[in-house]
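Asker: What follows is model.txt, made up of compact mmCIF, C-alpha atoms:
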# COMPACT_ATOMS: atom_id res chain seq x y z
CA MET A 1 117.45 120.64 99.91
CA THR A 2 116.00 119.26 103.13
CA GLY A 3 113.63 116.43 103.92
CA ARG A 4 111.55 115.54 106.95
CA ASN A 5 112.94 116.67 110.30
CA GLY A 6 115.25 119.04 108.43
CA MET A 7 117.47 116.30 106.97
CA THR A 8 119.62 117.80 104.25
CA GLU A 9 120.78 116.00 101.15
CA ARG A 10 124.28 115.94 102.64
CA ALA A 11 122.95 114.28 105.80
CA LEU A 12 120.98 111.80 103.68
CA ARG A 13 124.08 111.03 101.65
CA ASP A 14 126.04 110.34 104.83
CA LEU A 15 123.26 108.14 106.17
CA LEU A 16 123.19 106.09 102.95
CA VAL A 17 126.87 105.36 103.41
CA GLU A 18 126.51 104.65 107.13
CA ARG A 19 123.77 102.10 106.48
CA ARG A 20 125.49 100.68 103.40
CA LEU A 21 122.58 101.58 101.17
CA ALA A 22 125.18 103.30 98.99
CA GLY A 23 128.94 103.74 99.04
CA PRO A 24 130.57 100.36 99.78
CA VAL A 25 127.70 97.84 99.52
CA ARG A 26 127.41 94.13 100.15
CA THR A 27 126.69 93.25 96.50
CA THR A 28 130.10 92.42 95.06
CA ARG A 29 131.38 93.23 91.59
CA ARG A 30 131.96 89.52 91.12
CA GLN A 31 128.25 88.84 91.62
CA SER A 32 127.25 91.81 89.47
CA LEU A 33 129.39 90.55 86.59
CA ALA A 34 127.87 87.08 86.93
CA TYR A 35 124.40 88.60 86.77
CA LEU A 36 125.45 90.76 83.82
CA ARG A 37 126.43 87.66 81.86
CA ARG A 38 123.14 85.97 82.75
CA THR A 39 121.30 89.06 81.56
CA LEU A 40 123.12 89.03 78.22
CA SER A 41 122.37 85.31 77.86
CA GLY A 42 118.63 86.07 78.01
CA ASP A 43 117.90 84.42 81.35
CA PRO A 44 114.35 85.64 82.22
CA ALA A 45 115.26 85.92 85.90
CA TYR A 46 117.74 88.65 84.93
CA THR A 47 116.33 90.32 81.79
CA PHE A 48 113.27 91.52 83.80
CA GLY A 49 111.01 91.21 80.76
CA MET A 50 112.98 93.73 78.69
CA SER A 51 114.46 93.22 75.25
CA ASP A 52 117.64 95.31 75.47
CA TRP A 53 119.83 92.27 76.14
CA ARG A 54 119.25 91.06 72.59
CA THR A 55 121.39 93.85 71.10
CA ALA A 56 123.63 94.74 74.07
CA THR A 57 127.29 93.87 74.36
CA PHE A 58 129.31 93.22 77.50
CA ASP A 59 130.86 96.69 77.18
CA ASN A 60 127.41 98.28 76.73
CA ALA A 61 126.21 96.73 79.96
CA VAL A 62 129.33 97.68 81.93
CA ALA A 63 129.03 101.26 80.67
CA ALA A 64 125.36 101.39 81.64
CA VAL A 65 126.15 100.30 85.19
CA ARG A 66 128.97 102.83 85.38
CA ALA A 67 126.67 105.64 84.22
CA THR A 68 123.89 104.81 86.67
CA THR A 69 125.82 103.69 89.75
CA GLY A 70 129.20 105.38 89.37
CA ASP A 71 131.03 102.05 89.62
CA ASP A 72 133.20 100.20 87.12
CA LEU A 73 132.55 96.50 87.50
CA VAL A 74 135.74 95.43 85.72
CA GLU A 75 138.22 97.78 87.39
CA GLY A 76 137.57 97.52 91.11
CA ASN A 77 138.17 94.76 93.63
CA PRO A 78 135.86 91.90 92.52
CA ASP A 79 135.02 91.03 96.13
CA GLU A 80 133.75 94.52 96.91
CA GLY A 81 130.84 96.54 95.59
CA TYR A 82 130.01 100.23 95.28
CA ILE A 83 127.12 102.56 94.49
CA SER A 84 127.87 106.26 94.32
CA PRO A 85 125.97 108.04 97.14
CA ASP A 86 125.55 111.03 94.85
CA HIS A 87 123.95 108.83 92.18
CA ALA A 88 121.62 107.37 94.83
CA VAL A 89 120.62 110.83 96.06
CA ASN A 90 119.96 111.88 92.45
CA GLY A 91 117.68 108.85 92.05
CA ILE A 92 115.80 109.68 95.25
CA ARG A 93 115.36 113.23 94.00
CA ALA A 94 114.08 111.97 90.63
CA HIS A 95 111.47 109.76 92.30
CA ALA A 96 110.43 112.63 94.58
CA SER A 97 109.97 114.92 91.59
CA VAL A 98 107.45 112.58 89.94
CA LEU A 99 105.72 111.84 93.25
CA GLY A 100 105.44 115.57 93.93
CA LYS A 101 103.41 116.04 90.76
CA LEU A 102 101.17 113.09 91.63
CA LEU A 103 100.60 114.36 95.18
CA ARG A 104 99.88 117.86 93.89
CA ASP A 105 97.54 117.02 91.03
CA GLY A 106 95.87 113.76 92.14
CA GLY A 107 93.76 111.75 89.73
CA ALA A 108 96.49 109.39 88.55
CA ALA A 109 96.13 105.62 88.31
CA VAL A 110 99.23 104.12 89.96
CA LEU A 111 100.30 100.49 90.17
CA LEU A 112 102.87 99.59 92.84
CA ALA A 113 104.60 96.20 92.93
CA THR A 114 107.66 94.53 94.35
CA GLY A 115 109.70 91.39 93.81
CA HIS A 116 111.64 92.16 97.01
CA PRO A 117 108.91 92.22 99.68
CA THR A 118 111.32 91.69 102.58
CA GLY A 119 113.19 94.86 101.67
CA LEU A 120 110.95 97.27 99.78
CA LEU A 121 107.33 96.47 100.65
CA GLU A 122 107.15 98.98 103.49
CA HIS A 123 108.62 101.72 101.29
CA TYR A 124 106.05 101.18 98.56
CA GLY A 125 103.26 100.89 101.11
CA GLU A 126 104.09 104.34 102.48
CA LEU A 127 104.04 105.75 98.96
CA ALA A 128 100.70 104.07 98.26
CA GLN A 129 99.17 105.62 101.36
CA ALA A 130 100.39 109.11 100.42
CA LEU A 131 99.14 108.72 96.85
CA ARG A 132 95.73 107.52 97.99
CA LYS A 133 95.35 110.40 100.47
CA THR A 134 95.93 112.94 97.70
CA GLY A 135 93.27 111.62 95.35
CA ASN A 136 95.19 109.13 93.26
CA GLN A 137 93.89 105.66 92.46
CA VAL A 138 96.09 102.85 93.75
CA LEU A 139 95.28 99.93 91.48
CA ARG A 140 94.74 96.32 92.62
CA PRO A 141 94.23 94.16 89.50
CA LEU A 142 94.13 90.37 89.96
CA ASP A 143 94.23 90.67 93.74
CA ASP A 144 94.38 87.16 95.27
CA HIS A 145 93.79 85.65 91.84
CA PRO A 146 95.48 82.32 90.92
CA LEU A 147 97.96 82.74 88.08
CA ASP A 148 99.85 80.30 85.89
CA VAL A 149 103.37 81.33 86.87
CA ALA A 150 106.09 78.91 87.98
CA THR A 151 109.67 79.62 88.97
CA PRO A 152 112.47 77.07 89.38
CA SER A 153 112.37 77.40 93.16
CA HIS A 154 108.58 77.57 93.44
CA ALA A 155 107.46 75.22 90.69
CA ALA A 156 104.67 73.58 92.62
CA GLY A 157 101.64 75.10 94.24
CA GLU A 158 99.16 77.84 93.54
CA SER A 159 100.84 81.06 92.40
CA GLY A 160 99.33 84.51 92.25
CA ILE A 161 99.35 88.14 93.35
CA ARG A 162 98.27 89.60 96.65
CA PHE A 163 98.15 93.30 97.38
CA ILE A 164 99.55 94.25 100.77
CA ALA A 165 99.16 97.92 101.77
CA GLY A 166 98.36 98.63 98.12
CA VAL A 167 101.45 96.87 96.77
CA ALA A 168 101.38 93.83 94.48
CA CYS A 169 103.45 90.89 95.76
CA ALA A 170 103.83 87.46 94.20
CA PHE A 171 102.86 84.45 96.29
CA VAL A 172 103.06 80.68 96.07
CA ASN A 173 100.51 78.82 98.18
CA GLU A 174 100.30 81.11 101.21
CA ALA A 175 103.83 82.53 101.13
CA ILE A 176 104.89 85.88 99.68
CA ILE A 177 108.01 85.28 97.58
CA HIS A 178 111.09 87.03 96.27
CA THR A 179 110.99 87.04 92.47
CA HIS A 180 112.78 88.75 89.60
CA LEU A 181 110.38 87.46 86.95
CA SER A 182 108.37 89.80 84.75
CA ASP A 183 105.45 87.38 84.34
CA TYR A 184 103.48 88.80 87.24
CA MET A 185 103.53 92.39 86.01
CA GLU A 186 102.84 91.26 82.46
CA LEU A 187 99.67 89.56 83.71
CA LEU A 188 98.70 92.59 85.81
CA LEU A 189 99.04 94.87 82.81
CA ALA A 190 97.16 92.45 80.59
CA ARG A 191 94.26 92.58 83.05
CA THR A 192 94.23 96.40 83.11
CA ARG A 193 94.20 96.47 79.32
CA SER A 194 91.38 93.94 79.10
CA THR A 195 89.23 95.96 81.50
CA GLY A 196 90.05 99.33 79.96
CA GLN A 197 91.80 100.51 83.12
CA ARG A 198 94.56 102.98 82.36
CA VAL A 199 97.89 102.85 84.20
CA ASP A 200 99.59 106.23 84.42
CA VAL A 201 102.61 105.32 86.53
CA VAL A 202 104.20 102.13 87.85
CA VAL A 203 106.37 102.10 90.98
CA ALA A 204 108.31 98.85 91.16
CA ASP A 205 111.56 96.89 90.98
CA HIS A 206 113.09 93.94 89.09
CA GLY A 207 110.74 92.20 86.65
CA MET A 208 107.78 94.11 88.06
CA ALA A 209 109.46 97.31 86.80
CA GLY A 210 110.95 95.79 83.66
CA ALA A 211 107.64 94.62 82.24
CA ALA A 212 106.14 98.07 82.75
CA ILE A 213 109.11 99.76 81.07
CA GLU A 214 108.88 97.32 78.15
CA ALA A 215 105.19 98.24 77.85
CA GLY A 216 106.11 101.93 77.64
CA ILE A 217 104.58 102.95 80.98
CA PRO A 218 106.35 105.68 82.99
CA THR A 219 108.04 103.81 85.83
CA LEU A 220 109.81 104.70 89.05
CA SER A 221 112.21 101.81 89.55
CA ILE A 222 114.63 100.71 92.24
CA ALA A 223 117.68 98.65 91.26
CA ASP A 224 120.68 97.25 93.05
CA VAL A 225 124.04 97.42 91.28
CA ASN A 226 123.60 93.81 90.09
CA ASP A 227 120.20 94.48 88.44
CA ILE A 228 121.80 95.07 85.06
CA ALA A 229 118.67 95.17 82.90
CA LEU A 230 117.33 98.37 84.48
CA PRO A 231 120.52 100.44 84.07
CA LEU A 232 120.76 99.14 80.51
CA ALA A 233 117.25 100.39 79.71
CA HIS A 234 118.06 103.69 81.42
CA ALA A 235 121.26 104.15 79.41
CA ARG A 236 119.31 103.56 76.21
CA GLY A 237 116.83 106.30 77.05
CA ARG A 238 113.90 103.95 77.65
CA HIS A 239 113.59 104.62 81.37
CA ASP A 240 114.10 107.97 83.10
CA HIS A 241 113.46 107.44 86.81
CA LEU A 242 115.93 104.89 88.14
CA LEU A 243 117.08 104.78 91.76
CA CYS A 244 120.22 102.66 92.21
CA ILE A 245 120.55 101.66 95.85
CA GLU A 246 121.03 98.55 97.99
CA ASP A 247 117.54 97.08 97.71
CA ASN A 248 117.13 94.30 100.23
CA LEU A 249 118.19 95.47 103.67
CA ALA A 250 115.74 95.50 106.56
CA PRO A 251 112.89 97.97 105.93
CA ALA A 252 113.90 100.01 108.98
CA GLN A 253 117.23 100.71 107.28
CA PHE A 254 115.41 102.08 104.24
CA ALA A 255 112.88 104.17 106.19
CA PRO A 256 114.86 107.47 106.05
CA VAL A 257 114.91 107.20 102.24
CA THR A 258 111.12 106.92 102.23
CA GLU A 259 110.78 109.82 104.65
CA PHE A 260 113.11 112.08 102.70
CA MET A 261 111.46 111.19 99.39
CA LEU A 262 107.94 111.89 100.64
CA ALA A 263 108.96 115.07 102.45
CA THR A 264 110.61 116.38 99.29
CA ALA A 265 107.60 115.37 97.18
CA THR A 266 105.21 117.02 99.63
CA ARG A 267 107.18 120.26 99.64
CA GLN A 268 107.15 120.30 95.82
CA ARG A 269 103.41 119.66 95.93
CA ASN A 270 102.92 122.77 98.05
CA PHE A 271 104.81 125.09 95.68
Represent the structure of the file as structure tokens.
Answerer:
Amino acid sequence: MTGRNGMTERALRDLLVERRLAGPVRTTRRQSLAYLRRTLSGDPAYTFGMSDWRTATFDNAVAAVRATTGDDLVEGNPDEGYISPDHAVNGIRAHASVLGKLLRDGGAAVLLATGHPTGLLEHYGELAQALRKTGNQVLRPLDDHPLDVATPSHAAGESGIRFIAGVACAFVNEAIIHTHLSDYMELLLARTRSTGQRVDVVVADHGMAGAAIEAGIPTLSIADVNDIALPLAHARGRHDHLLCIEDNLAPAQFAPVTEFMLATATRQRNF
């Protein structure tokens, strides 16, 4: 399989390793295990709005990460981290498959959102543009609307959602923020329900993805190896389209993933 400019899956795999998007990654097993324990304790910054933690064991969570990333958190060097490049390529292919149908058929109502705007906003913005051009509706509920959401690090000030390039981002006062909370997506989905607006697909990460999965909406999610709640939902059959990859490098580092994904989706659209 080839992407834009003739990039093959093998070349993409090599590039993921070169840029540390997969293979040895900067997120250590030590940190992933710490986040796993916080997830199982019910910390809302790590459960991403999903309920799986209530019945999951430590071994369940470790097995879920192993199945989705190819890494064993308890066996390897705790000061290193790893995401299988093959697993990452499979996730990219899975996202491209769904996008290909949307680009081919049009008419879908898609909600894109990110809790990692410094890493993934540009990626989602490119997807939003492609979806819009092919007749899909890119939703913008509660755009620039004050919301009653407070986080420990942003407890004061006006909080809300702003859509940038068609992508929902959380803000406090005038600053776009990094957040793992599900509250924002829960409020976005509540607004769509109250107005009768359907949501066919969500494209998101962290709590933005988790809330959509919990609501039963088909979701294309991106997760780092330490985002335990998403692999756990995937392992339990509640979430099909998970891309495990380093999720907060500079957008330029992620650009070839976007290009390959859209090129693959476009080619599938033309079949």
Asker: With all atoms listed in the file as the atoms that count, which of A:Gly23, A:Gly70, A:Gly100, A:Gly210 lies nearest to Gly49 in chain A?
Answerer: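 Looking only at the distances to Gly49 in chain A, the closest residue turns out to be A:Gly210.
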Asker: Which polymer residues have any atom within 7 Å of an atom of Thr114 in chain A, counting all atoms listed in the file, with same-chain residues fewer than 6 positions away left out, as a list in words?
Answerer: Leu120, Leu121, Ala168, Cys169, Ala204, Asp205 and Met208 of chain A
Asker: Set the distance at 12 Å and use all atoms listed in the file: which residues neighbour Ala190 in chain A once local chain neighbours fewer than 5 positions away are removed? I'd like the list as a short mmCIF file (atom, residue, chain, number, x, y, z; two decimals) with C-alpha atoms, in the coordinates of the input.
Answerer:
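The resulting selection-v8.cif:
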data_model
loop_
_atom_site.label_atom_id
_atom_site.label_comp_id
_atom_site.auth_asym_id
_atom_site.auth_seq_id
_atom_site.Cartn_x
_atom_site.Cartn_y
_atom_site.Cartn_z
CA PRO A 141 94.23 94.16 89.50
CA LEU A 142 94.13 90.37 89.96
CA ASP A 183 105.45 87.38 84.34
CA TYR A 184 103.48 88.80 87.24
CA MET A 185 103.53 92.39 86.01
CA THR A 195 89.23 95.96 81.50
CA GLY A 196 90.05 99.33 79.96
CA GLN A 197 91.80 100.51 83.12
CA ARG A 198 94.56 102.98 82.36
CA VAL A 199 97.89 102.85 84.20
CA ALA A 211 107.64 94.62 82.24
CA ALA A 212 106.14 98.07 82.75
CA ALA A 215 105.19 98.24 77.85
#
Asker: Residues at most 10 Å from Asn77 in chain A, counting only C-alpha atoms, excluding those fewer than 4 positions away in the same chain, as an mmCIF file with C-alpha atoms, in the coordinates of the input?
Answerer:
data_model
loop_
_atom_site.group_PDB
_atom_site.id
_atom_site.type_symbol
_atom_site.label_atom_id
_atom_site.label_comp_id
_atom_site.auth_asym_id
_atom_site.auth_seq_id
_atom_site.Cartn_x
_atom_site.Cartn_y
_atom_site.Cartn_z
ATOM 1 C CA THR A 28 130.100 92.420 95.060
ATOM 2 C CA ARG A 29 131.380 93.230 91.590
ATOM 3 C CA ARG A 30 131.960 89.520 91.120
ATOM 4 C CA ASP A 72 133.200 100.200 87.120
ATOM 5 C CA LEU A 73 132.550 96.500 87.500
ATOM 6 C CA GLY A 81 130.840 96.540 95.590
ATOM 7 C CA TYR A 82 130.010 100.230 95.280
#
Asker: I need the residue nearest Arg66 in chain A from this list: A:Leu181, A:Val225, A:Ala170, A:Met261. Use all atoms listed in the file for the distance.
Answerer: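 Distance minimum relative to Arg66 in chain A lands on A:Val225.
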Asker: So the first atom is CA of Val65 in chain A and the second is CA of Ile217 in chain A; what is the distance between them in Å, to one decimal place?
Answerer: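 Straight-line distance from CA of Val65 in chain A to CA of Ile217 in chain A works out to 22.1 Å.
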Asker: Give me, please, the distance in Å between CA of Ala165 in chain A and CA of Pro44 in chain A, quoted to one decimal.
Answerer: 27.6 Å
Asker: Take CA of Glu186 in chain A and CA of Glu122 in chain A and report the distance between them in Å, one decimal.
Answerer: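 Separation of CA of Glu186 in chain A and CA of Glu122 in chain A: 22.8 Å.
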